[in-house]
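Structure data (mmCIF, C-alpha atoms) from model_16.cif:
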```
data_upload
#
loop_
_atom_site.group_PDB
_atom_site.id
_atom_site.type_symbol
_atom_site.label_atom_id
_atom_site.label_comp_id
_atom_site.auth_asym_id
_atom_site.auth_seq_id
_atom_site.Cartn_x
_atom_site.Cartn_y
_atom_site.Cartn_z
ATOM 1 C CA MET L 1 18.391 -96.200 169.748
ATOM 2 C CA ASP L 2 17.752 -95.254 166.140
ATOM 3 C CA SER L 3 20.722 -97.316 164.972
ATOM 4 C CA TYR L 4 19.568 -100.285 167.094
ATOM 5 C CA LEU L 5 16.119 -100.156 165.504
ATOM 6 C CA ARG L 6 17.675 -99.922 162.037
ATOM 7 C CA ARG L 7 19.829 -102.951 162.834
ATOM 8 C CA LEU L 8 16.732 -104.823 163.989
ATOM 9 C CA SER L 9 15.046 -103.989 160.681
ATOM 10 C CA ASP L 10 18.058 -105.340 158.786
ATOM 11 C CA SER L 11 18.051 -108.643 160.711
ATOM 12 C CA THR L 12 17.335 -111.851 158.872
ATOM 13 C CA TYR L 13 14.137 -113.649 159.839
ATOM 14 C CA GLN L 14 16.170 -116.335 161.625
ATOM 15 C CA ASP L 15 18.034 -113.771 163.748
ATOM 16 C CA ILE L 16 15.362 -111.174 164.485
ATOM 17 C CA HIS L 17 13.964 -112.916 167.561
ATOM 18 C CA GLN L 18 17.319 -113.148 169.332
ATOM 19 C CA HIS L 19 18.303 -109.627 168.199
ATOM 20 C CA LEU L 20 15.046 -108.346 169.693
ATOM 21 C CA LEU L 21 15.859 -109.887 173.077
ATOM 22 C CA LEU L 22 19.410 -108.545 173.009
ATOM 23 C CA LEU L 23 18.097 -105.066 172.199
ATOM 24 C CA LEU L 24 15.605 -105.273 175.092
ATOM 25 C CA ASN L 25 18.449 -106.433 177.323
ATOM 26 C CA ARG L 26 20.611 -103.432 176.371
ATOM 27 C CA GLN L 27 17.882 -100.792 176.459
ATOM 28 C CA ALA L 28 15.605 -101.966 179.297
ATOM 29 C CA ARG L 29 17.892 -104.361 181.225
ATOM 30 C CA VAL L 30 15.677 -107.374 180.566
ATOM 31 C CA SER L 31 17.698 -110.332 181.813
ATOM 32 C CA GLU L 32 15.308 -113.272 181.480
ATOM 33 C CA ALA L 33 12.701 -113.334 178.715
ATOM 34 C CA ALA L 34 11.481 -115.083 175.600
ATOM 35 C CA ILE L 35 9.947 -114.306 172.231
ATOM 36 C CA TYR L 36 7.054 -116.531 171.223
ATOM 37 C CA LEU L 37 5.333 -116.792 167.840
ATOM 38 C CA MET L 38 1.668 -117.707 167.440
ATOM 39 C CA GLU L 39 1.068 -120.977 165.611
ATOM 40 C CA GLU L 40 -2.027 -121.844 163.545
ATOM 41 C CA ASP L 41 -3.468 -123.858 166.451
ATOM 42 C CA GLN L 42 -3.151 -120.779 168.734
ATOM 43 C CA THR L 43 -0.253 -122.220 170.740
ATOM 44 C CA LEU L 44 2.829 -120.131 171.253
ATOM 45 C CA THR L 45 6.248 -121.497 170.278
ATOM 46 C CA ARG L 46 9.382 -120.032 171.811
ATOM 47 C CA LYS L 47 11.730 -118.688 169.118
ATOM 48 C CA ALA L 48 14.355 -116.994 171.292
ATOM 49 C CA LEU L 49 15.419 -116.986 174.911
ATOM 50 C CA ILE L 50 17.643 -114.875 177.108
ATOM 51 C CA GLY L 51 18.480 -116.074 180.625
ATOM 52 C CA GLY L 52 16.972 -119.180 182.224
ATOM 53 C CA GLU L 53 14.036 -121.098 180.824
ATOM 54 C CA THR L 54 12.478 -122.199 184.129
ATOM 55 C CA HIS L 55 9.298 -120.125 183.669
ATOM 56 C CA LEU L 56 9.529 -119.794 179.877
ATOM 57 C CA PRO L 57 8.529 -123.159 178.363
ATOM 58 C CA ALA L 58 9.217 -124.098 174.731
ATOM 59 C CA LYS L 59 5.454 -124.331 174.023
ATOM 60 C CA LEU L 60 2.822 -122.250 175.746
ATOM 61 C CA GLY L 61 -0.964 -122.070 175.580
ATOM 62 C CA ALA L 62 -2.620 -118.681 175.957
ATOM 63 C CA ASP L 63 -4.646 -119.979 178.900
ATOM 64 C CA GLU L 64 -1.621 -121.316 180.829
ATOM 65 C CA ILE L 65 -0.524 -117.913 182.133
ATOM 66 C CA GLU L 66 -3.200 -115.345 182.973
ATOM 67 C CA MET L 67 -1.000 -112.442 181.891
ATOM 68 C CA VAL L 68 -0.441 -114.016 178.458
ATOM 69 C CA GLY L 69 -4.149 -114.696 177.939
ATOM 70 C CA LEU L 70 -5.045 -111.130 178.855
ATOM 71 C CA ALA L 71 -2.344 -109.628 176.609
ATOM 72 C CA ILE L 72 -3.510 -111.705 173.635
ATOM 73 C CA ALA L 73 -7.228 -111.118 174.214
ATOM 74 C CA ASN L 74 -6.845 -107.339 174.630
ATOM 75 C CA LYS L 75 -3.874 -106.969 172.234
ATOM 76 C CA THR L 76 -2.187 -104.747 174.765
ATOM 77 C CA THR L 77 0.751 -104.760 177.173
ATOM 78 C CA VAL L 78 0.141 -106.373 180.542
ATOM 79 C CA THR L 79 2.419 -105.777 183.522
ATOM 80 C CA ILE L 80 2.297 -106.741 187.185
ATOM 81 C CA PRO L 81 0.752 -103.423 188.374
ATOM 82 C CA GLU L 82 -2.436 -104.143 186.388
ATOM 83 C CA PHE L 83 -2.886 -107.313 188.440
ATOM 84 C CA TRP L 84 -2.146 -105.523 191.715
ATOM 85 C CA LYS L 85 -5.008 -103.129 190.949
ATOM 86 C CA LYS L 86 -7.306 -106.030 190.108
ATOM 87 C CA GLY L 87 -6.749 -107.446 193.549
ATOM 88 C CA ASN L 88 -7.285 -111.162 192.887
ATOM 89 C CA TYR L 89 -3.946 -112.019 191.324
ATOM 90 C CA THR L 90 -1.072 -113.522 193.248
ATOM 91 C CA VAL L 91 2.288 -112.416 191.931
ATOM 92 C CA LYS L 92 3.888 -115.292 190.086
ATOM 93 C CA ASN L 93 6.953 -115.340 187.894
ATOM 94 C CA HIS L 94 6.052 -113.105 184.955
ATOM 95 C CA LEU L 95 6.574 -109.347 184.961
ATOM 96 C CA VAL L 96 5.714 -108.025 181.483
ATOM 97 C CA CYS L 97 3.891 -109.471 178.492
ATOM 98 C CA ILE L 98 3.788 -107.495 175.234
ATOM 99 C CA PRO L 99 1.902 -108.873 172.231
ATOM 100 C CA LEU L 100 3.464 -108.517 168.782
ATOM 101 C CA VAL L 101 0.539 -107.245 166.697
ATOM 102 C CA ASN L 102 0.438 -106.666 162.937
ATOM 103 C CA SER L 103 -1.232 -103.800 161.033
ATOM 104 C CA GLU L 104 -4.533 -105.721 160.926
ATOM 105 C CA ALA L 105 -4.588 -106.201 164.735
ATOM 106 C CA LYS L 106 -3.645 -109.890 164.501
ATOM 107 C CA VAL L 107 -1.338 -111.221 167.228
ATOM 108 C CA LEU L 108 1.818 -112.618 165.617
ATOM 109 C CA GLY L 109 3.457 -113.571 168.896
ATOM 110 C CA LEU L 110 4.588 -112.015 172.156
ATOM 111 C CA PHE L 111 7.450 -110.954 174.376
ATOM 112 C CA LEU L 112 7.316 -112.382 177.907
ATOM 113 C CA ALA L 113 9.755 -111.285 180.639
ATOM 114 C CA THR L 114 10.360 -113.009 183.956
ATOM 115 C CA ASN L 115 13.376 -111.086 185.234
ATOM 116 C CA ILE L 116 14.110 -107.367 185.085
ATOM 117 C CA PRO L 117 16.034 -105.597 187.866
ATOM 118 C CA PHE L 118 13.573 -103.864 190.203
ATOM 119 C CA ILE L 119 15.205 -100.482 189.632
ATOM 120 C CA ALA L 120 14.779 -100.849 185.849
ATOM 121 C CA LEU L 121 11.084 -101.807 185.839
ATOM 122 C CA ASN L 122 9.227 -98.513 185.605
ATOM 123 C CA ARG L 123 6.774 -96.731 183.334
ATOM 124 C CA ARG L 124 9.503 -95.362 181.055
ATOM 125 C CA SER L 125 11.226 -98.727 180.576
ATOM 126 C CA VAL L 126 7.907 -100.447 179.845
ATOM 127 C CA GLN L 127 7.090 -97.754 177.257
ATOM 128 C CA LEU L 128 10.497 -98.344 175.694
ATOM 129 C CA MET L 129 9.913 -102.124 175.626
ATOM 130 C CA VAL L 130 6.528 -101.543 173.963
ATOM 131 C CA LEU L 131 8.103 -99.282 171.337
ATOM 132 C CA ILE L 132 10.824 -101.828 170.543
ATOM 133 C CA CYS L 133 8.240 -104.624 170.325
ATOM 134 C CA ARG L 134 6.076 -102.511 168.015
ATOM 135 C CA TRP L 135 9.045 -102.075 165.669
ATOM 136 C CA ALA L 136 9.766 -105.803 165.874
ATOM 137 C CA SER L 137 6.109 -106.511 165.026
ATOM 138 C CA ARG L 138 6.431 -104.355 161.951
ATOM 139 C CA VAL L 139 9.608 -106.125 160.846
ATOM 140 C CA LEU L 140 8.019 -109.547 161.439
ATOM 141 C CA GLU L 141 4.918 -108.530 159.511
ATOM 142 C CA VAL L 142 6.939 -107.313 156.562
ATOM 143 C CA ARG L 143 8.979 -110.535 156.564
ATOM 144 C CA LEU L 144 6.107 -112.964 157.182
ATOM 145 C CA GLU L 145 2.962 -111.472 155.743
ATOM 146 C CA SER L 146 3.812 -108.904 153.095
ATOM 147 C CA VAL L 147 4.138 -111.314 150.165
ATOM 148 C CA GLY L 148 1.733 -110.000 147.553
ATOM 149 C CA ARG L 149 1.031 -106.837 149.557
ATOM 150 C CA PHE L 150 3.596 -104.628 147.854
ATOM 151 C CA ARG L 151 4.777 -103.668 144.408
ATOM 152 C CA LEU L 152 8.317 -103.046 143.270
ATOM 153 C CA ILE L 153 9.196 -99.501 142.306
ATOM 154 C CA LYS L 154 10.066 -99.340 138.621
ATOM 155 C CA GLY L 155 13.721 -98.515 138.106
ATOM 156 C CA VAL L 156 14.591 -99.154 141.779
ATOM 157 C CA GLU L 157 13.615 -102.812 142.216
ATOM 158 C CA SER L 158 15.272 -103.030 145.624
ATOM 159 C CA LEU L 159 12.556 -100.713 147.037
ATOM 160 C CA LYS L 160 8.978 -101.832 147.694
ATOM 161 C CA ASN L 161 5.750 -99.859 147.868
ATOM 162 C CA TYR L 162 3.565 -101.478 150.574
ATOM 163 C CA GLU L 163 -0.228 -101.430 150.879
ATOM 164 C CA LEU L 164 -1.870 -98.735 152.994
ATOM 165 C CA PRO L 165 -2.285 -100.688 156.310
ATOM 166 C CA ILE L 166 1.417 -101.580 156.445
ATOM 167 C CA PHE L 167 2.486 -98.062 155.415
ATOM 168 C CA LYS L 168 0.090 -96.444 157.915
ATOM 169 C CA LYS L 169 1.406 -98.609 160.764
ATOM 170 C CA SER L 170 4.979 -97.659 159.846
ATOM 171 C CA LEU L 171 4.080 -93.970 159.762
ATOM 172 C CA ASP L 172 2.224 -94.121 163.098
ATOM 173 C CA LEU L 173 5.108 -95.997 164.629
ATOM 174 C CA ALA L 174 7.680 -93.503 163.357
ATOM 175 C CA PHE L 175 5.621 -90.602 164.753
ATOM 176 C CA ASP L 176 5.173 -92.308 168.150
ATOM 177 C CA SER L 177 8.884 -93.126 168.270
ATOM 178 C CA PHE L 178 9.784 -89.487 167.710
ATOM 179 C CA ARG L 179 7.117 -88.100 170.068
ATOM 180 C CA GLN L 180 7.836 -90.458 172.991
ATOM 181 C CA HIS L 181 11.551 -91.147 172.661
ATOM 182 C CA SER L 182 12.985 -88.643 170.152
ATOM 183 C CA VAL L 183 13.935 -91.524 167.863
#
```
Represent the structure contained in this file as structure tokens.
Amino acid sequence: MDSYLRRLSDSTYQDIHQHLLLLLNRQARVSEAAIYLMEEDQTLTRKALIGGETHLPAKLGADEIEMVGLAIANKTTVTIPEFWKKGNYTVKNHLVCIPLVNSEAKVLGLFLATNIPFIALNRRSVQLMVLICRWASRVLEVRLESVGRFRLIKGVESLKNYELPIFKKSLDLAFDSFRQHSV
């Protein structure tokens, strides 16, 4: 897992979305899902797809799928069991929605899954999906939003010293990764 996360961090911006889905496929057996990025007008644009696109449109509004709207509003993972407890939700085609959130609690995008083998959808696999998506959020943030939020280290210009929110998120994430998954 550690090497997979390192490989994800080394991905180019163009490849990271598809690499994220392939990693989720290998680690959590996700067989039909998409990665969406949040646009300025608050619509979501699909950047990568694995499996069929029947229930994963190219453009998506946050209010089109209840699970997506709830995940974005609360900035937290939403799965089918939450809706079962609520009692007024009819099971549709979406199983898991995980927002990709930056260090300032801004939603960058989301992961939306419509097909995971029943045997593979459990608390542990959802926690693993959340961890992988948190690492992907960090990589996206560093690639998209870190311009001007770091300084080069004198003498080692290939290394960057990031501002406190980005560093703190990385440190928290590394600690959670070790504590929950020994990564």
(request) Kindly indicate which residue among L:Ala105, L:Ala34, L:Val96, L:Val126 lies nearest to Ile166 (chain L), using only C-alpha atoms for the distances. (result)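 Of the candidates, the smallest distance to Ile166 (chain L) is held by L:Ala105.
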(request) Show which residues sit within 8 Å of Leu100 (chain L), as a list in words. Count only C-alpha atoms, and ignore same-chain residues fewer than 5 positions away. (result)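 After dropping sequence-adjacent residues, the list is Val107, Leu108, Gly109, Leu110, Phe111, Cys133, Arg134, Ala136 and Ser137 of chain L.
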(message) When you count only C-alpha atoms, which of these residues is closest to Thr79 (chain L): L:Ala48, L:Leu140, L:Ala113, L:Val101?
(response)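 Under the stated criterion, the closest residue is L:Ala113.
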(request) With the file shown as input, list the residues that the PyMOL selection byres ((chain L and resi 173-182) around 8) selects, as a list in words. (result)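 Applying the expression gives Leu128, Leu131, Arg134, Trp135, Lys169, Ser170, Leu171, Asp172 and Val183 of chain L.
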(request) Would you list the residues near (-4.1, -117.7, 168.1) (no more than 10 Å away, in the coordinates of the file, using only C-alpha atoms) as a PyMOL selection string? (result) chain L and resi 37-44+61-62+72-73+106-109
Centre, edges in Å (one decimal): axis-aligned box, region 167-179 of chain L, 4 Å padding on all six sides, as AutoDock Vina command-line options:
```
--center_x 4.9 --center_y -93.4 --center_z 162.7 --size_x 17.7 --size_y 18.5 --size_z 22.7
```
(message) Ranking L:Ile50, L:Val130, L:Ala120, L:Leu24 by minimum distance to Val78 (chain L) and counting all atoms listed in the file, which one comes first?
(response) L:Val130
(message) I need the residue nearest Ser103 (chain L) from this list: L:Arg29, L:Lys75, L:Arg123, L:Lys59. Use all atoms listed in the file for the distance.
(response)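 Among L:Arg29, L:Lys75, L:Arg123, L:Lys59, it is L:Lys75 that comes nearest to Ser103 (chain L).
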(request) Evaluate the PyMOL selection byres ((chain L and resi 94) around 12) on the structure here and hand back the selected residues as a ChimeraX atom specification. (result) /L:32-34,54-56,64-68,78-81,83,89-93,95-98,111-116
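Here the question is which of L:Asn74, L:Leu164, L:Leu23, L:Pro99 gets nearest to Asp2 (chain L) using all atoms listed in the file, and that residue is L:Leu23.
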(message) Measuring between only C-alpha atoms, which one of L:Ile35, L:Ile119, L:Leu49, L:Ile16 shows the shortest distance to Arg143 (chain L)?
(response) L:Ile16
(request) Taking the point (17.0, -105.8, 158.3) as given in the file, collect each protein or nucleic acid residue that comes within 12 Å of it, counting all atoms listed in the file, and present the set as JSON, numbers by chain. (result) {"L": [3, 4, 5, 6, 7, 8, 9, 10, 11, 12, 13, 14, 15, 16, 19, 20, 135, 136, 138, 139, 140, 142, 143]}
Please, could you write that set of residues out with C-alpha atoms as a PDB file, in the coordinates of the input?
```pdb
ATOM      1  CA  SER L   3      20.722 -97.316 164.972  1.00  0.00           C
ATOM      2  CA  TYR L   4      19.568-100.285 167.094  1.00  0.00           C
ATOM      3  CA  LEU L   5      16.119-100.156 165.504  1.00  0.00           C
ATOM      4  CA  ARG L   6      17.675 -99.922 162.037  1.00  0.00           C
ATOM      5  CA  ARG L   7      19.829-102.951 162.834  1.00  0.00           C
ATOM      6  CA  LEU L   8      16.732-104.823 163.989  1.00  0.00           C
ATOM      7  CA  SER L   9      15.046-103.989 160.681  1.00  0.00           C
ATOM      8  CA  ASP L  10      18.058-105.340 158.786  1.00  0.00           C
ATOM      9  CA  SER L  11      18.051-108.643 160.711  1.00  0.00           C
ATOM     10  CA  THR L  12      17.335-111.851 158.872  1.00  0.00           C
ATOM     11  CA  TYR L  13      14.137-113.649 159.839  1.00  0.00           C
ATOM     12  CA  GLN L  14      16.170-116.335 161.625  1.00  0.00           C
ATOM     13  CA  ASP L  15      18.034-113.771 163.748  1.00  0.00           C
ATOM     14  CA  ILE L  16      15.362-111.174 164.485  1.00  0.00           C
ATOM     15  CA  HIS L  19      18.303-109.627 168.199  1.00  0.00           C
ATOM     16  CA  LEU L  20      15.046-108.346 169.693  1.00  0.00           C
ATOM     17  CA  TRP L 135       9.045-102.075 165.669  1.00  0.00           C
ATOM     18  CA  ALA L 136       9.766-105.803 165.874  1.00  0.00           C
ATOM     19  CA  ARG L 138       6.431-104.355 161.951  1.00  0.00           C
ATOM     20  CA  VAL L 139       9.608-106.125 160.846  1.00  0.00           C
ATOM     21  CA  LEU L 140       8.019-109.547 161.439  1.00  0.00           C
ATOM     22  CA  VAL L 142       6.939-107.313 156.562  1.00  0.00           C
ATOM     23  CA  ARG L 143       8.979-110.535 156.564  1.00  0.00           C
TER      24      ARG L 143
END
```
(request) Kindly give the distance, in Å, that separates CA of Thr45 (chain L) and CA of Pro57 (chain L), rounded to a single decimal. (result) 8.6 Å
(request) Grab the CA of Leu144 (chain L) to CA of Gly51 (chain L) distance for me, in Å with one decimal place. (result) 26.7 Å
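Of note, CA of Gln18 (chain L) and CA of Glu53 (chain L) are spaced 14.4 Å apart.
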Can you sort out region 61-73 of chain L so it carries N, CA, C and O atoms, written as a PDB file, in the coordinates of the input?
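Wrote result_3.pdb, looks like this:
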```
ATOM      1  N   GLY L  61       0.414-122.366 175.958  1.00  0.00           N
ATOM      2  CA  GLY L  61      -0.964-122.070 175.580  1.00  0.00           C
ATOM      3  C   GLY L  61      -1.363-120.731 176.176  1.00  0.00           C
ATOM      4  O   GLY L  61      -0.892-120.363 177.258  1.00  0.00           O
ATOM      5  N   ALA L  62      -2.215-120.009 175.486  1.00  0.00           N
ATOM      6  CA  ALA L  62      -2.620-118.681 175.957  1.00  0.00           C
ATOM      7  C   ALA L  62      -3.306-118.745 177.316  1.00  0.00           C
ATOM      8  O   ALA L  62      -3.247-117.787 178.085  1.00  0.00           O
ATOM      9  N   ASP L  63      -3.926-119.863 177.636  1.00  0.00           N
ATOM     10  CA  ASP L  63      -4.646-119.979 178.900  1.00  0.00           C
ATOM     11  C   ASP L  63      -3.767-120.475 180.055  1.00  0.00           C
ATOM     12  O   ASP L  63      -4.203-120.510 181.197  1.00  0.00           O
ATOM     13  N   GLU L  64      -2.513-120.798 179.790  1.00  0.00           N
ATOM     14  CA  GLU L  64      -1.621-121.316 180.829  1.00  0.00           C
ATOM     15  C   GLU L  64      -1.153-120.234 181.798  1.00  0.00           C
ATOM     16  O   GLU L  64      -0.903-120.514 182.968  1.00  0.00           O
ATOM     17  N   ILE L  65      -0.975-119.027 181.306  1.00  0.00           N
ATOM     18  CA  ILE L  65      -0.524-117.913 182.133  1.00  0.00           C
ATOM     19  C   ILE L  65      -1.535-116.784 181.951  1.00  0.00           C
ATOM     20  O   ILE L  65      -1.773-116.329 180.833  1.00  0.00           O
ATOM     21  N   GLU L  66      -2.139-116.348 183.046  1.00  0.00           N
ATOM     22  CA  GLU L  66      -3.200-115.345 182.973  1.00  0.00           C
ATOM     23  C   GLU L  66      -2.753-114.085 182.240  1.00  0.00           C
ATOM     24  O   GLU L  66      -3.478-113.526 181.419  1.00  0.00           O
ATOM     25  N   MET L  67      -1.540-113.645 182.517  1.00  0.00           N
ATOM     26  CA  MET L  67      -1.000-112.442 181.891  1.00  0.00           C
ATOM     27  C   MET L  67      -0.944-112.593 180.373  1.00  0.00           C
ATOM     28  O   MET L  67      -1.287-111.668 179.628  1.00  0.00           O
ATOM     29  N   VAL L  68      -0.536-113.750 179.893  1.00  0.00           N
ATOM     30  CA  VAL L  68      -0.441-114.016 178.458  1.00  0.00           C
ATOM     31  C   VAL L  68      -1.833-113.994 177.824  1.00  0.00           C
ATOM     32  O   VAL L  68      -2.046-113.369 176.786  1.00  0.00           O
ATOM     33  N   GLY L  69      -2.781-114.671 178.457  1.00  0.00           N
ATOM     34  CA  GLY L  69      -4.149-114.696 177.939  1.00  0.00           C
ATOM     35  C   GLY L  69      -4.752-113.315 177.842  1.00  0.00           C
ATOM     36  O   GLY L  69      -5.394-112.968 176.848  1.00  0.00           O
ATOM     37  N   LEU L  70      -4.520-112.494 178.850  1.00  0.00           N
ATOM     38  CA  LEU L  70      -5.045-111.130 178.855  1.00  0.00           C
ATOM     39  C   LEU L  70      -4.378-110.272 177.787  1.00  0.00           C
ATOM     40  O   LEU L  70      -5.044-109.512 177.086  1.00  0.00           O
ATOM     41  N   ALA L  71      -3.069-110.409 177.624  1.00  0.00           N
ATOM     42  CA  ALA L  71      -2.344-109.628 176.609  1.00  0.00           C
ATOM     43  C   ALA L  71      -2.821-109.988 175.208  1.00  0.00           C
ATOM     44  O   ALA L  71      -2.999-109.106 174.360  1.00  0.00           O
ATOM     45  N   ILE L  72      -3.052-111.274 174.957  1.00  0.00           N
ATOM     46  CA  ILE L  72      -3.510-111.705 173.635  1.00  0.00           C
ATOM     47  C   ILE L  72      -4.953-111.274 173.398  1.00  0.00           C
ATOM     48  O   ILE L  72      -5.291-110.757 172.334  1.00  0.00           O
ATOM     49  N   ALA L  73      -5.812-111.474 174.369  1.00  0.00           N
ATOM     50  CA  ALA L  73      -7.228-111.118 174.214  1.00  0.00           C
ATOM     51  C   ALA L  73      -7.419-109.625 173.976  1.00  0.00           C
ATOM     52  O   ALA L  73      -8.209-109.218 173.123  1.00  0.00           O
TER      53      ALA L  73
END
```
